[in-house]
$ cat data.cif   # mmCIF, C-alpha atoms and all ligand atoms
data_start
#
loop_
_atom_site.group_PDB
_atom_site.id
_atom_site.type_symbol
_atom_site.label_atom_id
_atom_site.label_comp_id
_atom_site.auth_asym_id
_atom_site.auth_seq_id
_atom_site.Cartn_x
_atom_site.Cartn_y
_atom_site.Cartn_z
ATOM 1 C CA MET F 1 6.660 5.487 -28.051
ATOM 2 C CA SER F 2 6.793 7.924 -25.121
ATOM 3 C CA GLU F 3 8.836 7.331 -21.992
ATOM 4 C CA ALA F 4 5.651 6.675 -19.990
ATOM 5 C CA THR F 5 4.599 3.873 -22.284
ATOM 6 C CA THR F 6 7.936 2.107 -22.019
ATOM 7 C CA ILE F 7 8.167 2.355 -18.218
ATOM 8 C CA LEU F 8 4.545 1.548 -17.348
ATOM 9 C CA THR F 9 3.625 -1.978 -18.446
ATOM 10 C CA GLU F 10 0.754 -2.615 -20.819
ATOM 11 C CA HIS F 11 -1.247 -4.059 -17.928
ATOM 12 C CA THR F 12 -0.639 -0.946 -15.810
ATOM 13 C CA ARG F 13 -1.590 1.388 -18.661
ATOM 14 C CA SER F 14 -4.697 -0.607 -19.435
ATOM 15 C CA ALA F 15 -5.804 -0.416 -15.758
ATOM 16 C CA ILE F 16 -5.150 3.338 -15.709
ATOM 17 C CA ASP F 17 -7.076 3.758 -18.978
ATOM 18 C CA THR F 18 -10.103 2.080 -17.383
ATOM 19 C CA TRP F 19 -10.078 4.750 -14.687
ATOM 20 C CA LEU F 20 -9.429 7.564 -17.140
ATOM 21 C CA LYS F 21 -12.735 6.750 -18.839
ATOM 22 C CA LYS F 22 -14.524 7.831 -15.639
ATOM 23 C CA TYR F 23 -13.275 11.429 -15.875
ATOM 24 C CA PRO F 24 -13.463 14.276 -18.415
ATOM 25 C CA GLU F 25 -10.645 14.222 -21.002
ATOM 26 C CA ASP F 26 -8.978 17.318 -19.512
ATOM 27 C CA GLN F 27 -9.086 15.978 -15.909
ATOM 28 C CA LYS F 28 -6.661 13.078 -16.202
ATOM 29 C CA GLN F 29 -5.106 13.901 -12.848
ATOM 30 C CA SER F 30 -8.283 12.561 -11.195
ATOM 31 C CA ALA F 31 -6.915 9.062 -11.859
ATOM 32 C CA VAL F 32 -3.632 9.674 -10.041
ATOM 33 C CA LEU F 33 -4.372 7.500 -6.973
ATOM 34 C CA GLU F 34 -5.278 4.480 -9.061
ATOM 35 C CA ALA F 35 -2.378 5.135 -11.450
ATOM 36 C CA LEU F 36 0.098 5.174 -8.554
ATOM 37 C CA ARG F 37 -1.494 2.072 -7.059
ATOM 38 C CA GLN F 38 -1.056 0.227 -10.360
ATOM 39 C CA ALA F 39 2.511 1.497 -10.819
ATOM 40 C CA GLN F 40 3.372 0.391 -7.281
ATOM 41 C CA HIS F 41 1.845 -3.029 -7.880
ATOM 42 C CA GLN F 42 3.895 -3.368 -11.088
ATOM 43 C CA ASN F 43 7.063 -2.779 -9.080
ATOM 44 C CA ASN F 44 6.600 -5.290 -6.203
ATOM 45 C CA GLY F 45 5.038 -2.826 -3.790
ATOM 46 C CA PHE F 46 7.015 0.401 -4.064
ATOM 47 C CA LEU F 47 7.300 3.461 -6.295
ATOM 48 C CA THR F 48 10.472 4.837 -7.853
ATOM 49 C CA ALA F 49 11.044 8.359 -9.164
ATOM 50 C CA GLU F 50 11.101 6.879 -12.658
ATOM 51 C CA LEU F 51 7.666 5.319 -12.186
ATOM 52 C CA MET F 52 6.212 8.491 -10.649
ATOM 53 C CA ASP F 53 7.597 10.540 -13.551
ATOM 54 C CA ALA F 54 6.002 8.094 -15.986
ATOM 55 C CA VAL F 55 2.643 8.444 -14.188
ATOM 56 C CA ALA F 56 3.002 12.240 -14.369
ATOM 57 C CA LEU F 57 3.647 12.074 -18.094
ATOM 58 C CA TYR F 58 0.772 9.670 -18.670
ATOM 59 C CA LEU F 59 -1.685 11.886 -16.788
ATOM 60 C CA ASP F 60 -0.374 15.247 -18.074
ATOM 61 C CA MET F 61 0.666 16.258 -14.557
ATOM 62 C CA SER F 62 3.854 17.792 -13.183
ATOM 63 C CA SER F 63 6.187 15.293 -11.509
ATOM 64 C CA ILE F 64 6.131 17.277 -8.272
ATOM 65 C CA ALA F 65 2.328 17.009 -8.069
ATOM 66 C CA VAL F 66 2.607 13.219 -8.367
ATOM 67 C CA TYR F 67 5.399 13.088 -5.746
ATOM 68 C CA GLU F 68 3.169 15.087 -3.381
ATOM 69 C CA VAL F 69 0.358 12.555 -3.706
ATOM 70 C CA ALA F 70 2.719 9.586 -3.326
ATOM 71 C CA SER F 71 4.331 11.008 -0.201
ATOM 72 C CA PHE F 72 1.047 12.133 1.402
ATOM 73 C CA TYR F 73 -0.930 8.866 1.350
ATOM 74 C CA SER F 74 0.159 6.012 3.578
ATOM 75 C CA MET F 75 -0.680 3.347 0.998
ATOM 76 C CA PHE F 76 2.288 4.339 -1.144
ATOM 77 C CA GLU F 77 5.892 3.311 -0.523
ATOM 78 C CA THR F 78 8.811 5.109 -2.118
ATOM 79 C CA SER F 79 11.556 2.682 -1.070
ATOM 80 C CA PRO F 80 11.824 -1.127 -1.371
ATOM 81 C CA VAL F 81 9.630 -3.135 1.030
ATOM 82 C CA GLY F 82 8.744 -6.790 1.689
ATOM 83 C CA ARG F 83 6.226 -8.760 -0.386
ATOM 84 C CA HIS F 84 3.422 -8.605 2.187
ATOM 85 C CA SER F 85 2.655 -5.237 3.687
ATOM 86 C CA ILE F 86 1.229 -5.379 7.230
ATOM 87 C CA SER F 87 -0.582 -2.384 8.716
ATOM 88 C CA VAL F 88 -1.801 -2.658 12.289
ATOM 89 C CA CYS F 89 -4.295 0.030 13.260
ATOM 90 C CA THR F 90 -3.141 1.730 16.450
ATOM 91 C CA ASN F 91 -5.845 4.361 16.638
ATOM 92 C CA ILE F 92 -8.084 4.764 19.689
ATOM 93 C CA SER F 93 -10.664 1.963 19.273
ATOM 94 C CA CYS F 94 -8.054 -0.610 18.310
ATOM 95 C CA MET F 95 -5.673 0.677 20.973
ATOM 96 C CA LEU F 96 -8.362 0.157 23.647
ATOM 97 C CA MET F 97 -8.825 -3.412 22.362
ATOM 98 C CA GLY F 98 -5.107 -4.208 22.616
ATOM 99 C CA SER F 99 -3.460 -3.258 19.318
ATOM 100 C CA ASP F 100 -0.185 -2.665 21.189
ATOM 101 C CA LYS F 101 -0.061 -6.372 22.048
ATOM 102 C CA ILE F 102 -0.605 -7.266 18.400
ATOM 103 C CA VAL F 103 2.221 -4.961 17.315
ATOM 104 C CA GLU F 104 4.459 -6.429 20.019
ATOM 105 C CA HIS F 105 3.583 -9.962 18.949
ATOM 106 C CA LEU F 106 4.416 -9.151 15.325
ATOM 107 C CA ASN F 107 7.688 -7.487 16.369
ATOM 108 C CA ASN F 108 8.700 -10.643 18.245
ATOM 109 C CA LYS F 109 7.436 -13.134 15.689
ATOM 110 C CA LEU F 110 9.019 -11.437 12.672
ATOM 111 C CA GLY F 111 12.032 -9.924 14.429
ATOM 112 C CA ILE F 112 11.375 -6.488 12.940
ATOM 113 C CA LYS F 113 10.020 -3.165 14.129
ATOM 114 C CA LEU F 114 7.502 -0.870 12.467
ATOM 115 C CA GLY F 115 8.896 0.457 9.198
ATOM 116 C CA GLU F 116 11.156 -2.576 8.649
ATOM 117 C CA THR F 117 11.208 -5.575 6.289
ATOM 118 C CA THR F 118 12.154 -9.138 7.245
ATOM 119 C CA ALA F 119 15.503 -10.457 5.995
ATOM 120 C CA ASP F 120 13.756 -12.881 3.600
ATOM 121 C CA ASN F 121 11.875 -9.930 2.121
ATOM 122 C CA LYS F 122 8.542 -11.615 2.897
ATOM 123 C CA PHE F 123 6.971 -9.175 5.366
ATOM 124 C CA PHE F 124 7.016 -5.425 5.763
ATOM 125 C CA MET F 125 5.516 -3.721 8.827
ATOM 126 C CA LYS F 126 4.238 -0.332 7.897
ATOM 127 C CA ARG F 127 4.780 2.585 10.189
ATOM 128 C CA GLU F 128 1.896 3.334 12.537
ATOM 129 C CA GLU F 129 -1.414 3.139 10.781
ATOM 130 C CA GLU F 130 -4.302 5.439 11.570
ATOM 131 C CA CYS F 131 -7.948 4.323 11.707
ATOM 132 C CA LEU F 132 -8.794 1.964 8.845
ATOM 133 C CA ALA F 133 -12.549 2.322 9.418
ATOM 134 C CA ALA F 134 -13.059 -1.131 10.925
ATOM 135 C CA CYS F 135 -13.254 0.073 14.540
ATOM 136 C CA CYS F 136 -15.896 -2.486 15.579
ATOM 137 C CA GLY F 137 -13.445 -5.258 14.732
ATOM 138 C CA GLY F 138 -10.504 -3.976 16.731
ATOM 139 C CA PRO F 139 -7.776 -4.868 17.148
ATOM 140 C CA MET F 140 -7.382 -5.182 13.389
ATOM 141 C CA MET F 141 -4.741 -5.168 10.690
ATOM 142 C CA MET F 142 -4.624 -4.940 6.940
ATOM 143 C CA ILE F 143 -2.296 -7.143 4.904
ATOM 144 C CA ASP F 144 -2.024 -6.356 1.190
ATOM 145 C CA HIS F 145 -5.374 -4.518 1.266
ATOM 146 C CA GLN F 146 -7.226 -7.350 3.035
ATOM 147 C CA TYR F 147 -8.702 -6.685 6.495
ATOM 148 C CA TYR F 148 -8.305 -9.052 9.458
ATOM 149 C CA GLU F 149 -10.314 -8.214 12.573
ATOM 150 C CA ASN F 150 -10.748 -9.219 16.235
ATOM 151 C CA LEU F 151 -7.106 -10.236 16.310
ATOM 152 C CA THR F 152 -5.375 -12.315 18.934
ATOM 153 C CA PRO F 153 -1.723 -13.391 18.816
ATOM 154 C CA GLU F 154 -2.879 -16.900 17.823
ATOM 155 C CA LYS F 155 -4.997 -15.544 14.999
ATOM 156 C CA VAL F 156 -2.073 -13.426 13.767
ATOM 157 C CA ASP F 157 0.110 -16.564 13.666
ATOM 158 C CA GLU F 158 -2.509 -18.423 11.675
ATOM 159 C CA ILE F 159 -2.874 -15.578 9.158
ATOM 160 C CA LEU F 160 0.843 -15.061 8.641
ATOM 161 C CA ASP F 161 1.585 -18.762 8.410
ATOM 162 C CA GLY F 162 -1.003 -19.016 5.650
ATOM 163 C CA LEU F 163 0.736 -16.517 3.392
ATOM 164 C CA ASP F 164 3.205 -17.610 0.675
HETATM 165 S S1 LIG K 201 -9.528 2.640 15.355
HETATM 166 FE FE1 LIG K 201 -8.775 0.852 14.368
HETATM 167 S S2 LIG K 201 -10.027 0.661 12.628
HETATM 168 FE FE2 LIG K 201 -10.746 2.455 13.573
#
$ encode --input "data.cif" --output "structure tokens"
Amino acid sequence: MSEATTILTEHTRSAIDTWLKKYPEDQKQSAVLEALRQAQHQNNGFLTAELMDAVALYLDMSSIAVYEVASFYSMFETSPVGRHSISVCTNISCMLMGSDKIVEHLNNKLGIKLGETTADNKFFMKREEECLAACCGGPMMMIDHQYYENLTPEKVDEILDGLD
């Protein structure tokens, strides 16, 4: 059994294999985004060097190439974070609709700043997020890959209070 197959769970490998079927046999690296997403999910929302190395091995890539992808895209975390990841879009359309007030409300409600995790490990506020392609619904945020639009402080309270 290779190192990759002991570090990546069966569920993670099976999900990666589904994506590998979409690409030619010698182009395994095409599945790197999904592989990292699955590896991150396996590890409560963040990637370790060990997991990235395992992904590299599984996809016949160099470790450095996998690190480059993981550090380039904002959806990957390489240090421990809270269970629910909150990204508030602060790009132009959302900014004009008051995203700064949403960020401020979250800062006050959760007692953390962007890039921090709450003491109970429940919420993580990602660093500034660029446009998430939902400009008509600004101000908006994404929590754990789900979009919430036309936000108000009251709506933010309702959404957060509804999460386990
Ligand atoms: S500017 Fe916020 S989603 Fe596009």
$ resolve_selection --input "data.cif" --expression "the PyMOL selection byres (((chain F and resi 35) around 12) and not hetatm)" --output "count of residues only"
42
$ resolve_selection --input "data.cif" --expression "the PyMOL selection byres (((chain F and resi 137-145) around 10) and not hetatm)" --output "MDAnalysis selection string"
chainID F and resid 45 75 83:103 123:126 129 131:136 146:152 156 159:160 163
$ closest_residue --input "data.cif" --among "F:Gln27, F:Ile7, F:Gly82, F:Lys113" --to "Glu50 in chain F" --atoms "only C-alpha atoms"
F:Ile7
$ closest_residue --input "data.cif" --among "F:Ser71, F:Tyr23, F:Glu130, F:Thr118" --to "ligand LIG 201 (chain K)" --atoms "only C-alpha atoms and all ligand atoms"
F:Glu130
$ atom_distance --input "data.cif" --atom1 "CA of Pro153 in chain F" --atom2 "CA of Leu114 in chain F"
16.8 Å
$ atom_distance --input "data.cif" --atom1 "CA of Phe72 in chain F" --atom2 "CA of Glu10 in chain F"
26.7 Å
$ atom_distance --input "data.cif" --atom1 "CA of Lys122 in chain F" --atom2 "CA of Leu106 in chain F"
13.3 Å
$ axis_aligned_box --input "data.cif" --around "ligand LIG 201 (chain K)" --padding-each-side "6 Å" --output "lines of an AutoDock Vina configuration file"
center_x = -9.8
center_y = 1.7
center_z = 14.0
size_x = 14.0
size_y = 14.0
size_z = 14.7
$ closest_residue --input "data.cif" --among "F:Glu68, F:Lys21, F:Asn121, F:Ser74" --to "Asn44 in chain F" --atoms "only C-alpha atoms"
F:Asn121
$ closest_residue --input "data.cif" --among "F:Glu128, F:Thr5, F:Asn108, F:Ala49" --to "ligand LIG 201 (chain K)" --atoms "only C-alpha atoms and all ligand atoms"
F:Glu128
$ decode --input "data.cif" --residues "range 3-66 of chain F" --atoms "C-alpha atoms" --output "compact mmCIF listing (two decimals), in the first residue's frame"
# COMPACT_ATOMS: atom_id res chain seq x y z
CA GLU F 3 1.81 6.31 1.33
CA ALA F 4 -0.93 8.14 -0.61
CA THR F 5 -3.40 5.34 -0.05
CA THR F 6 -2.82 5.28 3.69
CA ILE F 7 -3.08 9.06 4.15
CA LEU F 8 -6.02 9.74 1.83
CA THR F 9 -9.17 7.99 3.05
CA GLU F 10 -11.03 5.52 0.86
CA HIS F 11 -13.81 8.07 0.44
CA THR F 12 -11.33 10.75 -0.68
CA ARG F 13 -9.63 8.40 -3.13
CA SER F 14 -12.94 7.24 -4.52
CA ALA F 15 -14.03 10.88 -5.11
CA ILE F 16 -10.70 11.65 -6.80
CA ASP F 17 -11.02 8.51 -8.95
CA THR F 18 -14.40 9.74 -10.20
CA TRP F 19 -12.71 12.90 -11.46
CA LEU F 20 -9.73 11.04 -12.87
CA LYS F 21 -12.09 9.20 -15.23
CA LYS F 22 -12.81 12.54 -16.94
CA TYR F 23 -9.21 13.00 -18.09
CA PRO F 24 -6.69 11.05 -20.20
CA GLU F 25 -4.64 8.51 -18.21
CA ASP F 26 -1.44 10.58 -18.53
CA GLN F 27 -3.12 13.85 -17.43
CA LYS F 28 -3.89 13.02 -13.81
CA GLN F 29 -2.83 16.48 -12.68
CA SER F 30 -6.05 17.83 -14.25
CA ALA F 31 -7.87 16.52 -11.16
CA VAL F 32 -5.70 18.43 -8.69
CA LEU F 33 -8.33 21.02 -7.66
CA GLU F 34 -10.91 18.39 -6.84
CA ALA F 35 -8.29 16.19 -5.17
CA LEU F 36 -7.22 19.05 -2.89
CA ARG F 37 -10.84 19.91 -2.17
CA GLN F 38 -11.51 16.32 -1.10
CA ALA F 39 -8.30 16.13 0.96
CA GLN F 40 -9.20 19.40 2.69
CA HIS F 41 -12.71 18.15 3.42
CA GLN F 42 -11.24 14.94 4.90
CA ASN F 43 -9.19 17.04 7.31
CA ASN F 44 -11.89 19.38 8.75
CA GLY F 45 -11.27 22.22 6.31
CA PHE F 46 -7.51 22.57 5.96
CA LEU F 47 -4.59 20.97 4.13
CA THR F 48 -1.36 19.72 5.68
CA ALA F 49 1.95 19.11 3.91
CA GLU F 50 1.36 15.40 4.44
CA LEU F 51 -2.00 15.55 2.67
CA MET F 52 -0.62 17.65 -0.19
CA ASP F 53 2.27 15.20 -0.62
CA ALA F 54 -0.23 12.34 -0.72
CA VAL F 55 -2.25 14.16 -3.41
CA ALA F 56 0.97 14.71 -5.39
CA LEU F 57 1.81 11.02 -5.19
CA TYR F 58 -1.72 9.98 -6.13
CA LEU F 59 -1.75 12.24 -9.19
CA ASP F 60 1.88 11.63 -10.27
CA MET F 61 2.75 15.28 -9.65
CA SER F 62 5.65 16.94 -7.85
CA SER F 63 4.83 18.11 -4.32
CA ILE F 64 5.85 21.67 -5.18
CA ALA F 65 3.33 21.80 -8.04
CA VAL F 66 0.57 20.78 -5.61
